[in-house]
Amino acid sequence: MLLSTNDKQFGFWAMRRSGMPNISIANQLGISRQAVSRALLIMDEKIETALRKMANANQIAIEKINIEQGILLGRSIPFQTATIIFISGKHGVQVWYEHEGNCGTCQRYTECIELIWDYADELNIKIKRSADPTKMAEELFTKVKASV
Amino acid sequence: MTSRLSVVIHGWLGWCPNVPAGARRHVNLSNEVMAISSNGGDLPAEKYGWLQRFRNWILLQALFYTAFIPVFMPLFVTGAYLSVFMVGMIIATLAFVVSAHRLWRQYNDVLAQGYREESGTKRTVILYLVIATVSLLVCFEILIFVGFISGIDFLILPALMIGFSIIPWYVLLLVIIWESKTGCRLYFDRKGEHVSMFVVREH
């Protein structure tokens with residue numbers, strides 16, 4: 001596995017991603033601010049490595065990386081399409097391609113819907129709940145890309 | 001007008017974790033191929049070069065290993081060494097015949113998937129196996145040279161091993177046949193630990 005989302009350090013990182021300052025994380029967990037900073041530095045390195053390795057493994061040319069958000073925007077070389085790699089606390093590292101998926105016949109329809117809802121919740125982004133995951137993803141990723 | 005069109009087209013698109021259906025699985029070298037930026041910033045656009053053509057890489061390896069033949073051949077002019085050299089070539093030919101089907105299937109996999117990636121771990125294991133084999137052979141030669149192993153000529157083993165230099169030529173031939181049969185060209189790309197193979201359609 002590229003990245004363990006069960007680590008305590010990942011928890012700190014997820015809290016920071018949701019907008020919590022280091023001092024609040026430290027206070028909430030009863031640890032020093034220095035410990036939080038150190039953990040976040042290590043986690044940032046892990047996040048960056050995970051994103052870059054995933055991009056490399058999937059032949060994705062990197063365009064933008066936001067370590068604090070855990071998002072990599074790029075372009076798939078073999079598929080010649082825009083690609084997003086993101087990290088979800090619940091679903092791990094994910095790679096999505098820009099194209100209209102055939103959700104009606106896809107066996108992973110439910111998983112995709114859940115993933116998008118969970119990821120939107122993790123980022124505190126409000127999206128319209130529709131029956132088409134590919135469109136929900138479009139709305140979510142448009143908002144995500146704006147923040148990168 | 002152009003921006004309006006791009007907005008309309010963008011409206012048709014969505015996002016999906018599946019590989020795009022009917023996606024272009026073949027990298028078109030006539031387009032600029034974007035290289036994976038090491039710093040994640042600006043993207044250098046570069047085309048895959050001559051050395052990244054798989055068969056050229058194999059050709060270089062074949063030439064490298066064959067270069068040992070003229071170095072050692074004057075020593076092998078006697079019948080005994082020449083016979084051992086021929087035995088080496090026969091063993092190499094048999095080894096290639098056994099593995100040719102697997103290699104052919106690997107190239108077909110690349111064709112089917114657009115690219116194929118070899119993990120760093122697998123390559124490391126192979127590297128260690130090669131290093132271990134070469135080390136054993138060198139030790140064996142040293143033992144013969146210093147007289148710990150008697151009854152075997154010092155030059156027998158090199159004569160046998162140089163017979164194996166035929167293998168890259170066989171692989172080269174296989175790649176050329178595969179490329180002419182499929183109308184595709186094989187390229188490879190090395191990024192850090194990963195080695196990827198790509199297929200490019202002939203125009």
# chains A, B, ... in the order shown; residues from 1 in each chain; ligands from 1
$ residues_around --residues "region 116-124 of chain A" --least-positions-apart "6" --cutoff "9 Å" --atoms "only C-alpha atoms" --output "PyMOL selection string"
chain A and resi 14+17-18+69+87-91+133+136-137+140+144
$ closest_atom_pairs --of "chain A" --to "chain B" --cutoff "9 Å" --atoms "only C-alpha atoms" --output "Markdown table"
| residue | atom | partner | partner_atom | distance |
| --- | --- | --- | --- | --- |
| A:Arg52 | CA | B:Gly40 | CA | 8.5 |
| A:Ala55 | CA | B:Ile36 | CA | 8.4 |
| A:Asn56 | CA | B:Ile36 | CA | 7.3 |
| A:Ala57 | CA | B:Glu117 | CA | 7.4 |
| A:Asn58 | CA | B:Glu117 | CA | 8.9 |
| A:Gln59 | CA | B:Ile36 | CA | 7.7 |
| A:Ile60 | CA | B:Ile36 | CA | 6.8 |
| A:Ala61 | CA | B:Ile36 | CA | 4.5 |
| A:Ile62 | CA | B:Gly40 | CA | 5.5 |
| A:Glu63 | CA | B:Gly40 | CA | 6.3 |
| A:Lys64 | CA | B:Gly40 | CA | 6.2 |
| A:Ile65 | CA | B:Gly40 | CA | 6.6 |
| A:Arg75 | CA | B:Met34 | CA | 8.5 |
| A:Ile77 | CA | B:Met34 | CA | 7.1 |
| A:Pro78 | CA | B:Arg25 | CA | 5.5 |
| A:Phe79 | CA | B:Arg24 | CA | 5.3 |
| A:Gln80 | CA | B:Arg24 | CA | 6.8 |
| A:Thr81 | CA | B:Pro20 | CA | 8.4 |
| A:Thr83 | CA | B:Trp15 | CA | 8.7 |
| A:Gln94 | CA | B:Pro17 | CA | 7.7 |
| A:Val95 | CA | B:Pro17 | CA | 5.9 |
| A:Trp96 | CA | B:Pro17 | CA | 4.1 |
| A:Tyr97 | CA | B:Cys16 | CA | 5.4 |
| A:Glu98 | CA | B:Trp15 | CA | 4.4 |
| A:His99 | CA | B:Gly14 | CA | 5.0 |
| A:Glu100 | CA | B:Gly14 | CA | 4.5 |
| A:Gly101 | CA | B:Cys16 | CA | 5.4 |
| A:Asn102 | CA | B:Cys16 | CA | 8.7 |
| A:Cys103 | CA | B:Cys16 | CA | 8.7 |
| A:Cys112 | CA | B:Pro17 | CA | 8.2 |
| A:Pro133 | CA | B:Cys16 | CA | 8.0 |
| A:Thr134 | CA | B:Gly14 | CA | 4.9 |
| A:Lys135 | CA | B:Gly14 | CA | 5.3 |
| A:Met136 | CA | B:Gly14 | CA | 8.1 |
| A:Ala137 | CA | B:Trp15 | CA | 5.6 |
| A:Glu138 | CA | B:Gly14 | CA | 5.0 |
| A:Glu139 | CA | B:Gly14 | CA | 8.6 |
| A:Phe141 | CA | B:Trp15 | CA | 8.3 |
$ residues_around --residues "region 94-104 of chain B" --least-positions-apart "6" --cutoff "9 Å" --atoms "only C-alpha atoms" --output "PyMOL selection string"
chain B and resi 167+170-171+174-175+178
$ write_last_selection --atoms "C-alpha atoms" --output "PDB file, in the first residue's frame"
ATOM      1  CA  ILE B 167      20.592 -14.245 -26.985  1.00  0.00           C
ATOM      2  CA  TYR B 170      17.502 -13.565 -30.981  1.00  0.00           C
ATOM      3  CA  VAL B 171      15.495 -11.090 -28.885  1.00  0.00           C
ATOM      4  CA  LEU B 174      11.826 -11.482 -32.163  1.00  0.00           C
ATOM      5  CA  VAL B 175      11.079  -7.769 -31.612  1.00  0.00           C
ATOM      6  CA  TRP B 178       6.657  -8.755 -33.667  1.00  0.00           C
TER       7      TRP B 178
END
$ residues_around --residues "Ala26 (chain A)" --least-positions-apart "4" --cutoff "10 Å" --atoms "only C-alpha atoms" --output "MDAnalysis selection string"
chainID A and resid 12 21:22 30:37
$ closest_residue --among "B:Pro70, B:Val125, B:Tyr187, B:Ala80" --to "Ile156 (chain B)" --atoms "only C-alpha atoms"
B:Ala80
$ select_by_dssp --residues "region 37-138 of chain A" --states "strand (DSSP E or B)" --output "VMD selection string"
chain A and resid 60 to 66 71 to 76 81 to 88 92 to 98
$ closest_residue --among "B:Pro168, B:Gly49, B:Pro158, B:Gly147" --to "Val71 (chain B)" --atoms "only C-alpha atoms"
B:Pro158
$ closest_residue --among "B:Ile142, B:Leu186, B:Ile177, B:Gly163" --to "Ile90 (chain B)" --atoms "only C-alpha atoms"
B:Gly163
$ select_by_dssp --residues "region 48-148 of chain A" --states "helix (DSSP H, G or I)" --output "JSON, numbers by chain"
{"A": [48, 49, 50, 51, 52, 53, 54, 55, 56, 57, 103, 104, 105, 109, 110, 111, 112, 113, 114, 115, 116, 117, 118, 119, 120, 121, 122, 133, 134, 135, 136, 137, 138, 139, 140, 141, 142, 143, 144, 145, 146, 147]}
$ write_last_selection --atoms "N, CA and C atoms" --output "short mmCIF file (atom, residue, chain, number, x, y, z; two decimals), in the first residue's frame"
data_model
loop_
_atom_site.label_atom_id
_atom_site.label_comp_id
_atom_site.auth_asym_id
_atom_site.auth_seq_id
_atom_site.Cartn_x
_atom_site.Cartn_y
_atom_site.Cartn_z
N GLU A 48 3.21 13.44 -0.71
CA GLU A 48 3.83 13.80 -1.99
C GLU A 48 4.37 12.56 -2.69
N THR A 49 5.05 11.70 -1.91
CA THR A 49 5.59 10.46 -2.49
C THR A 49 4.47 9.61 -3.07
N ALA A 50 3.38 9.47 -2.30
CA ALA A 50 2.26 8.63 -2.75
C ALA A 50 1.68 9.17 -4.04
N LEU A 51 1.48 10.49 -4.10
CA LEU A 51 0.89 11.09 -5.30
C LEU A 51 1.80 10.93 -6.51
N ARG A 52 3.08 11.19 -6.29
CA ARG A 52 4.04 11.11 -7.41
C ARG A 52 4.19 9.66 -7.89
N LYS A 53 4.24 8.73 -6.93
CA LYS A 53 4.38 7.32 -7.33
C LYS A 53 3.15 6.86 -8.11
N MET A 54 2.00 7.30 -7.64
CA MET A 54 0.77 6.91 -8.33
C MET A 54 0.75 7.50 -9.74
N ALA A 55 1.20 8.76 -9.86
CA ALA A 55 1.25 9.40 -11.18
C ALA A 55 2.23 8.65 -12.08
N ASN A 56 3.35 8.30 -11.51
CA ASN A 56 4.39 7.58 -12.27
C ASN A 56 3.86 6.22 -12.73
N ALA A 57 3.23 5.51 -11.80
CA ALA A 57 2.74 4.17 -12.11
C ALA A 57 1.66 4.20 -13.19
N CYS A 103 -22.11 4.91 -16.30
CA CYS A 103 -22.43 4.51 -14.92
C CYS A 103 -23.60 3.51 -14.86
N GLY A 104 -24.50 3.61 -15.84
CA GLY A 104 -25.67 2.73 -15.82
C GLY A 104 -25.33 1.26 -15.87
N THR A 105 -24.24 0.93 -16.54
CA THR A 105 -23.87 -0.48 -16.69
C THR A 105 -22.68 -0.87 -15.83
N TYR A 109 -20.97 1.21 -9.53
CA TYR A 109 -21.81 2.40 -9.42
C TYR A 109 -21.95 2.87 -7.97
N THR A 110 -22.33 1.95 -7.08
CA THR A 110 -22.57 2.31 -5.67
C THR A 110 -21.29 2.80 -5.01
N GLU A 111 -20.20 2.07 -5.27
CA GLU A 111 -18.91 2.46 -4.67
C GLU A 111 -18.51 3.87 -5.10
N CYS A 112 -18.75 4.17 -6.38
CA CYS A 112 -18.38 5.49 -6.90
C CYS A 112 -19.20 6.59 -6.21
N ILE A 113 -20.50 6.34 -6.09
CA ILE A 113 -21.38 7.32 -5.43
C ILE A 113 -20.90 7.56 -4.00
N GLU A 114 -20.66 6.45 -3.28
CA GLU A 114 -20.22 6.56 -1.88
C GLU A 114 -18.89 7.31 -1.78
N LEU A 115 -17.99 6.96 -2.72
CA LEU A 115 -16.66 7.60 -2.70
C LEU A 115 -16.80 9.11 -2.87
N ILE A 116 -17.63 9.52 -3.83
CA ILE A 116 -17.77 10.96 -4.09
C ILE A 116 -18.39 11.66 -2.89
N TRP A 117 -19.43 11.05 -2.32
CA TRP A 117 -20.06 11.65 -1.14
C TRP A 117 -19.05 11.76 0.00
N ASP A 118 -18.36 10.66 0.26
CA ASP A 118 -17.39 10.65 1.37
C ASP A 118 -16.30 11.69 1.16
N TYR A 119 -15.79 11.74 -0.08
CA TYR A 119 -14.70 12.67 -0.35
C TYR A 119 -15.18 14.12 -0.24
N ALA A 120 -16.39 14.38 -0.74
CA ALA A 120 -16.96 15.74 -0.62
C ALA A 120 -17.12 16.10 0.85
N ASP A 121 -17.56 15.13 1.66
CA ASP A 121 -17.71 15.38 3.10
C ASP A 121 -16.36 15.67 3.74
N GLU A 122 -15.34 14.89 3.35
CA GLU A 122 -14.00 15.09 3.91
C GLU A 122 -13.49 16.50 3.63
N PRO A 133 -22.93 9.44 -10.94
CA PRO A 133 -21.66 9.72 -10.26
C PRO A 133 -20.69 10.54 -11.11
N THR A 134 -20.70 10.29 -12.41
CA THR A 134 -19.74 10.98 -13.27
C THR A 134 -20.00 12.49 -13.28
N LYS A 135 -21.27 12.86 -13.20
CA LYS A 135 -21.63 14.29 -13.15
C LYS A 135 -21.35 14.88 -11.77
N MET A 136 -21.64 14.07 -10.74
CA MET A 136 -21.33 14.54 -9.37
C MET A 136 -19.84 14.78 -9.24
N ALA A 137 -19.07 13.86 -9.84
CA ALA A 137 -17.62 13.99 -9.80
C ALA A 137 -17.18 15.25 -10.52
N GLU A 138 -17.86 15.54 -11.62
CA GLU A 138 -17.53 16.75 -12.39
C GLU A 138 -17.71 17.99 -11.52
N GLU A 139 -18.83 18.02 -10.79
CA GLU A 139 -19.10 19.17 -9.93
C GLU A 139 -18.07 19.24 -8.79
N LEU A 140 -17.80 18.07 -8.21
CA LEU A 140 -16.86 18.03 -7.08
C LEU A 140 -15.45 18.45 -7.53
N PHE A 141 -15.00 17.85 -8.63
CA PHE A 141 -13.62 18.11 -9.04
C PHE A 141 -13.43 19.52 -9.59
N THR A 142 -14.50 20.11 -10.14
CA THR A 142 -14.40 21.51 -10.57
C THR A 142 -14.12 22.37 -9.34
N LYS A 143 -14.82 22.06 -8.24
CA LYS A 143 -14.60 22.83 -7.01
C LYS A 143 -13.23 22.54 -6.41
N VAL A 144 -12.84 21.24 -6.49
CA VAL A 144 -11.54 20.84 -5.94
C VAL A 144 -10.42 21.52 -6.72
N LYS A 145 -10.54 21.52 -8.06
CA LYS A 145 -9.50 22.10 -8.90
C LYS A 145 -9.36 23.60 -8.65
N ALA A 146 -10.47 24.23 -8.33
CA ALA A 146 -10.42 25.67 -8.05
C ALA A 146 -9.60 25.95 -6.79
N SER A 147 -9.56 24.97 -5.89
CA SER A 147 -8.84 25.19 -4.62
C SER A 147 -7.37 24.81 -4.72
#
